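Colleague: Following this message is one structure expressed as structure tokens.
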Amino acid sequence: MGDSKWLIHKHYASDYPRYQWIQELLHEEGEAKAISQEEWQVSLARRTGSEDAENIPQVLSDWSFKANTTFGVDATAKRAVEVESDADVRWVLEQTREAELPLLVLGGGSNVLLHNNWNGLVLKMAMKGVQVLSDDGRELDVVVGAGEGWHEWVMHALDEGWNGLENLALIPGSVGASPMQNIGAYGVEVKDRFLWLEAIHQETGALERFDFARCEFGYRDSIFKQAERDQWVIVRVAFRLDREAPLQTEYGAIQQELQACNVESPSHRDVAEAVMRIRTSKLPDPSVLGNAGSFFKNPILDSVLFDRVKQHHPHVVHYPLEDGRFKLAAGWLIDQAGWKGHRRNRCGVHDRQALVLVNYGGATGQEIWSLAQDIIADVQTKFGVQLEPEVNQIQG
Ligand SMILES: Cc1cc2nc3c(=O)[nH]c(=O)nc-3n(C[C@H](O)[C@H](O)[C@H](O)COP(=O)(O)OP(=O)(O)OC[C@H]3O[C@@H](n4cnc5c(N)ncnc54)[C@H](O)[C@@H]3O)c2cc1C
């Protein structure tokens with residue numbers, strides 16, 4: 001049964017009060033002519049009076065992940081809708097519930113790997129806006145729409161003299177996704193400047209506020225990747241910025257870059273520009289070579305397991321954590337296991353950055369995932385350490 005006929009059938013069977021509307025709809029369109037799902041949605045909304053039909057967002061069909069995600073995997077979504085307001089989000093949630101379509105929330109698509117086509121609807125976050133909530137002359141609270149680009153927001157803040165995010169310059173993706181995995185780089189994480197976020201519950205449509213404690217931030221982690229996974233659509237994020245934020249230049253690479261450019265007393269913008277130059281020299285540009293940044297997280301070991309690894313591999317690159325555990329450099333493990341620069345048909349491991357898996361063109365999500373699984377198994381065999389993907393695996 002085609003999409004539209006199936007939807008009509010479902011409503012006919014499950015929602016008798018709408019029977020009249022559907023009959024009228026069929027009459028208007030002519031019994032012989034099947035209507036598209038989009039026409040059906042607009043007509044239904046007009047009849048229920050639940051939405052202003054003029055403002056209903058456009059539903060796109062056969063939406064391409066290749067064009068909308070940084071891995072560039074050739075997969076499609078059955079439907080996609082760009083949302084620009086809370087009302088749009090609720091409308092999409094209602095449609096997916098009614099049609100029993102699986103929902104995938106996406107921002108910039110820079111941290112996902114699609115294993116298959118998505119047989120459901122993509123909610124593409126496009127909510128914009130930057131608003132100052134309070135300002136005491138030094139510190140200020142600013143709320144930002146989830147669909148703003150992360151890097152564009154960091155640059156805008158710097159232009160305004162609102163500091164504290166400079167080390168996170170040039171991280172791809174959207175503001176809304178930044179708390180998901182508590183993005184971090186060069187000694188700073190988004191949690192360091194996070195105030196609260198607002199999110200809409202996917203089942204109930206209720207808007208709720210999450211403060212710092214409720215987000216349960218961890219290393220590349222938050223409650224949205226754990227207990228509340230796939231439960232919420234984040235619609236806006238608030239940050240506390242500081243015109244006199246202390247500079248974070250402890251990372252060796254930042255110091256070296258500033259020295260190389262003869263910058264003796266750096267400004268916040270100097271730090272951002274140093275970070276951008278380092279990132280550009282180290283990481284492959286997704287518009288040239290498909291990738292999603294670090295594919296794996298750096299594994300964290302307790303002291304017993306760490307001692308065991310160190311005994312056999314005295315040069316293992318590691319960082320002691322405050323809680324007594326140890327973070328290992330996943331890139332070092334992968335490199336030592338012999339995978340750096342390894343190419344397997346249309347995908348591979350980047351030759352300068354072993355943490356990054358790349359799509360040379362035409363690789364499927366399953367090919368890339370199969371390579372990732374072989375790396376995980378090999379590192380486990382050689383070091384007794386379990387690697388975990390940082391990139392979100394979307395099964396479709
Ligand atoms: C070249 C490169 C370098 C990178 N460097 C870094 C780095 O230094 N540090 C770092 O932490 N990350 C890095 N990343 C990873 C990525 O940029 C971040 O994780 C980013 O926050 C993802 O944002 P996005 O909008 O693209 O998310 P998407 O890929 O669109 O989504 C990621 C996950 O978040 C969910 N999601 C997205 N938006 C919302 C929303 N509004 N509400 C609810 N759920 C949502 C999605 O369902 C998905 O599960 C890098 C990626 C690339 C390609």
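Identifiers in this document derive from the order of the structure tokens: chains are assigned A, B, ..., residues are numbered from 1 separately in each chain, and ligands are numbered from 1 in order of occurrence.
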Hey, what's within 12 Å of Pro266 of chain A if we count only C-alpha atoms and toss same-chain stuff fewer than 3 positions away? As a ChimeraX atom specification, please?

Modeller: /A:166,246-249,254-255,257-259,261-263,269-274

Colleague: May I have all residues of segment 45-222 of chain A that DSSP, computed from the backbone, assigns to helix (DSSP H, G or I), given as a PyMOL selection string?

Modeller: chain A and resi 45-48+53-55+65-68+86-99+150-160+166-168+190-192+212-215

Colleague: What residues of the protein or nucleic acid chains come within 8 Å of ligand 1 when you use only C-alpha atoms and all ligand atoms? Reply as a VMD selection string.

Modeller: chain A and resid 69 to 71 104 to 112 124 to 125 146 to 147 149 to 150 168 170 to 186 189 199 220 224 to 225 230 232 to 236 283 to 286 290 to 294 391 to 394

Colleague: Between atom CA of Leu357 of chain A and atom CA of Leu387 of chain A, measure the distance and give it in Å to one decimal.

Modeller: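 Spanning atom CA of Leu357 of chain A to atom CA of Leu387 of chain A is a straight-line distance of 13.9 Å.
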
Colleague: According to DSSP computed on the backbone, where in segment 12-235 of chain A is there strand (DSSP E)? Give the residues as a ChimeraX atom specification.

Modeller: /A:59-64,76-83,103-106,112-114,118-125,130-135,139-145,184-185,188-189,194-201,207-211,232-235

Colleague: Please, which residues in segment 208-265 of chain A fall within 10 Å of segment 155-161 of chain A when counting only C-alpha atoms, and what is the closest atom pair and distance in Å to one decimal for each, ordered by chain then residue number, as JSON lines?

Modeller:
```
{"residue": "A:Leu241", "atom": "CA", "partner": "A:Ala157", "partner_atom": "CA", "distance": 8.6}
{"residue": "A:Asp242", "atom": "CA", "partner": "A:Gly161", "partner_atom": "CA", "distance": 8.5}
{"residue": "A:Arg243", "atom": "CA", "partner": "A:Gly161", "partner_atom": "CA", "distance": 5.9}
{"residue": "A:Glu244", "atom": "CA", "partner": "A:Gly161", "partner_atom": "CA", "distance": 8.9}
```

Colleague: Would you mind listing what lies within 12 Å of Leu321 of chain A as a list in words, with only C-alpha atoms counted and same-chain residues fewer than 2 positions away left out?

Modeller: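 Selected residues are Tyr219, Pro299, Ile300, Leu301, Asp302, Ser303, Phe306, His318, Tyr319, Asp323, Gly324, Arg325, Phe326, Lys327 and Leu328 of chain A.
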
Colleague: Those residues you just picked out, can you put them in a file as a compact mmCIF listing (two decimals), in the first residue's frame with N, CA, C and O atoms?

Modeller:
```
# COMPACT_ATOMS: atom_id res chain seq x y z
N TYR A 219 32.95 13.11 30.44
CA TYR A 219 33.85 13.20 29.30
C TYR A 219 33.11 12.72 28.04
O TYR A 219 32.72 11.56 27.96
N PRO A 299 39.90 5.96 26.08
CA PRO A 299 39.39 5.08 27.16
C PRO A 299 39.89 5.51 28.54
O PRO A 299 41.02 5.99 28.67
N ILE A 300 39.03 5.34 29.54
CA ILE A 300 39.40 5.69 30.92
C ILE A 300 39.49 4.39 31.72
O ILE A 300 38.55 3.60 31.74
N LEU A 301 40.66 4.18 32.35
CA LEU A 301 40.91 2.92 33.07
C LEU A 301 41.08 3.17 34.56
O LEU A 301 41.63 4.20 34.96
N ASP A 302 40.66 2.19 35.37
CA ASP A 302 40.97 2.30 36.80
C ASP A 302 42.46 1.95 36.98
O ASP A 302 43.12 1.48 36.05
N SER A 303 42.99 2.19 38.19
CA SER A 303 44.44 2.08 38.37
C SER A 303 44.93 0.64 38.19
O SER A 303 46.05 0.42 37.71
N PHE A 306 45.06 0.01 34.47
CA PHE A 306 46.11 0.87 33.91
C PHE A 306 47.50 0.29 34.19
O PHE A 306 48.35 0.23 33.30
N HIS A 318 49.26 8.60 28.36
CA HIS A 318 48.14 8.63 29.30
C HIS A 318 48.13 9.94 30.08
O HIS A 318 49.13 10.66 30.12
N TYR A 319 46.96 10.23 30.68
CA TYR A 319 46.79 11.44 31.49
C TYR A 319 46.13 11.02 32.80
O TYR A 319 45.03 10.44 32.77
N ASP A 323 40.25 11.80 39.82
CA ASP A 323 39.61 10.75 40.63
C ASP A 323 40.47 9.49 40.75
O ASP A 323 39.99 8.44 41.21
N GLY A 324 41.74 9.54 40.32
CA GLY A 324 42.64 8.40 40.48
C GLY A 324 42.66 7.48 39.28
O GLY A 324 43.46 6.54 39.21
N ARG A 325 41.77 7.73 38.30
CA ARG A 325 41.78 6.89 37.10
C ARG A 325 42.73 7.49 36.05
O ARG A 325 43.31 8.56 36.27
N PHE A 326 42.86 6.80 34.93
CA PHE A 326 43.80 7.24 33.89
C PHE A 326 43.10 7.26 32.54
O PHE A 326 42.40 6.30 32.19
N LYS A 327 43.33 8.35 31.81
CA LYS A 327 42.78 8.44 30.44
C LYS A 327 43.90 8.09 29.47
O LYS A 327 45.00 8.66 29.55
N LEU A 328 43.65 7.11 28.60
CA LEU A 328 44.66 6.71 27.61
C LEU A 328 44.37 7.40 26.28
O LEU A 328 43.21 7.66 25.95
```

Colleague: Nearest residue to His115 of chain A out of A:Leu103, A:Val275, A:Ala363, A:Leu289, using only C-alpha atoms?

Modeller: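 Selected residue with least distance to His115 of chain A: A:Ala363.
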
Colleague: Which residues come within 6 Å of segment 79-96 of chain A, counting only C-alpha atoms, excluding same-chain residues fewer than 6 positions away, as a VMD selection string?

Modeller: chain A and resid 59 to 61 121 to 127 205

Colleague: So that I can see what lies close to Asp62 of chain A, please list as a list in words the residues with an atom at most 7 Å from it, counting only C-alpha atoms and leaving out residues fewer than 3 positions away in the same chain.

Modeller: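 Listed by chain and then number, they are Thr76, Ala77, Lys78 and Arg79 of chain A.
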
Colleague: Using only C-alpha atoms, which residues sit within 7 Å of segment 367-381 of chain A once same-chain residues fewer than 6 positions away are excluded, as a VMD selection string?

Modeller: chain A and resid 333 to 334 337 347 387

Colleague: Residues as selected, all heavy atoms, written as a PDB file, in the first residue's frame, can you do that?

Modeller:
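Just written: result.pdb:
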```
ATOM      1  N   LEU A 333      47.034   4.165  20.871  1.00  0.00           N
ATOM      2  CA  LEU A 333      46.761   2.718  20.845  1.00  0.00           C
ATOM      3  C   LEU A 333      46.530   2.247  19.404  1.00  0.00           C
ATOM      4  O   LEU A 333      47.066   1.219  18.972  1.00  0.00           O
ATOM      5  CB  LEU A 333      45.517   2.391  21.692  1.00  0.00           C
ATOM      6  CG  LEU A 333      45.600   2.688  23.197  1.00  0.00           C
ATOM      7  CD1 LEU A 333      44.223   2.550  23.841  1.00  0.00           C
ATOM      8  CD2 LEU A 333      46.594   1.754  23.886  1.00  0.00           C
ATOM      9  N   ILE A 334      45.736   3.026  18.661  1.00  0.00           N
ATOM     10  CA  ILE A 334      45.391   2.636  17.278  1.00  0.00           C
ATOM     11  C   ILE A 334      46.637   2.695  16.392  1.00  0.00           C
ATOM     12  O   ILE A 334      46.899   1.800  15.579  1.00  0.00           O
ATOM     13  CB  ILE A 334      44.260   3.551  16.741  1.00  0.00           C
ATOM     14  CG1 ILE A 334      42.985   3.346  17.567  1.00  0.00           C
ATOM     15  CG2 ILE A 334      43.982   3.286  15.267  1.00  0.00           C
ATOM     16  CD1 ILE A 334      41.918   4.410  17.358  1.00  0.00           C
ATOM     17  N   ALA A 337      48.921  -0.154  17.193  1.00  0.00           N
ATOM     18  CA  ALA A 337      48.372  -1.424  16.682  1.00  0.00           C
ATOM     19  C   ALA A 337      48.529  -1.515  15.164  1.00  0.00           C
ATOM     20  O   ALA A 337      48.171  -2.534  14.559  1.00  0.00           O
ATOM     21  CB  ALA A 337      46.904  -1.546  17.083  1.00  0.00           C
ATOM     22  N   CYS A 347      37.240   3.265   2.490  1.00  0.00           N
ATOM     23  CA  CYS A 347      37.371   3.991   3.764  1.00  0.00           C
ATOM     24  C   CYS A 347      38.718   3.662   4.398  1.00  0.00           C
ATOM     25  O   CYS A 347      39.473   2.839   3.878  1.00  0.00           O
ATOM     26  CB  CYS A 347      36.221   3.652   4.706  1.00  0.00           C
ATOM     27  SG  CYS A 347      36.072   1.916   5.108  1.00  0.00           S
ATOM     28  N   LEU A 387      37.878  -0.053  23.261  1.00  0.00           N
ATOM     29  CA  LEU A 387      37.575   1.275  22.701  1.00  0.00           C
ATOM     30  C   LEU A 387      36.069   1.405  22.505  1.00  0.00           C
ATOM     31  O   LEU A 387      35.390   0.435  22.178  1.00  0.00           O
ATOM     32  CB  LEU A 387      38.255   1.453  21.341  1.00  0.00           C
ATOM     33  CG  LEU A 387      39.770   1.588  21.314  1.00  0.00           C
ATOM     34  CD1 LEU A 387      40.237   1.800  19.876  1.00  0.00           C
ATOM     35  CD2 LEU A 387      40.246   2.741  22.193  1.00  0.00           C
TER      36      LEU A 387
END
```

Colleague: Return the single residue from A:Arg240, A:Gly72, A:His342, A:Asp211 that is closest to Asp135 of chain A, with distances computed using only C-alpha atoms.

Modeller: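 Nearest to Asp135 of chain A: A:Arg240.
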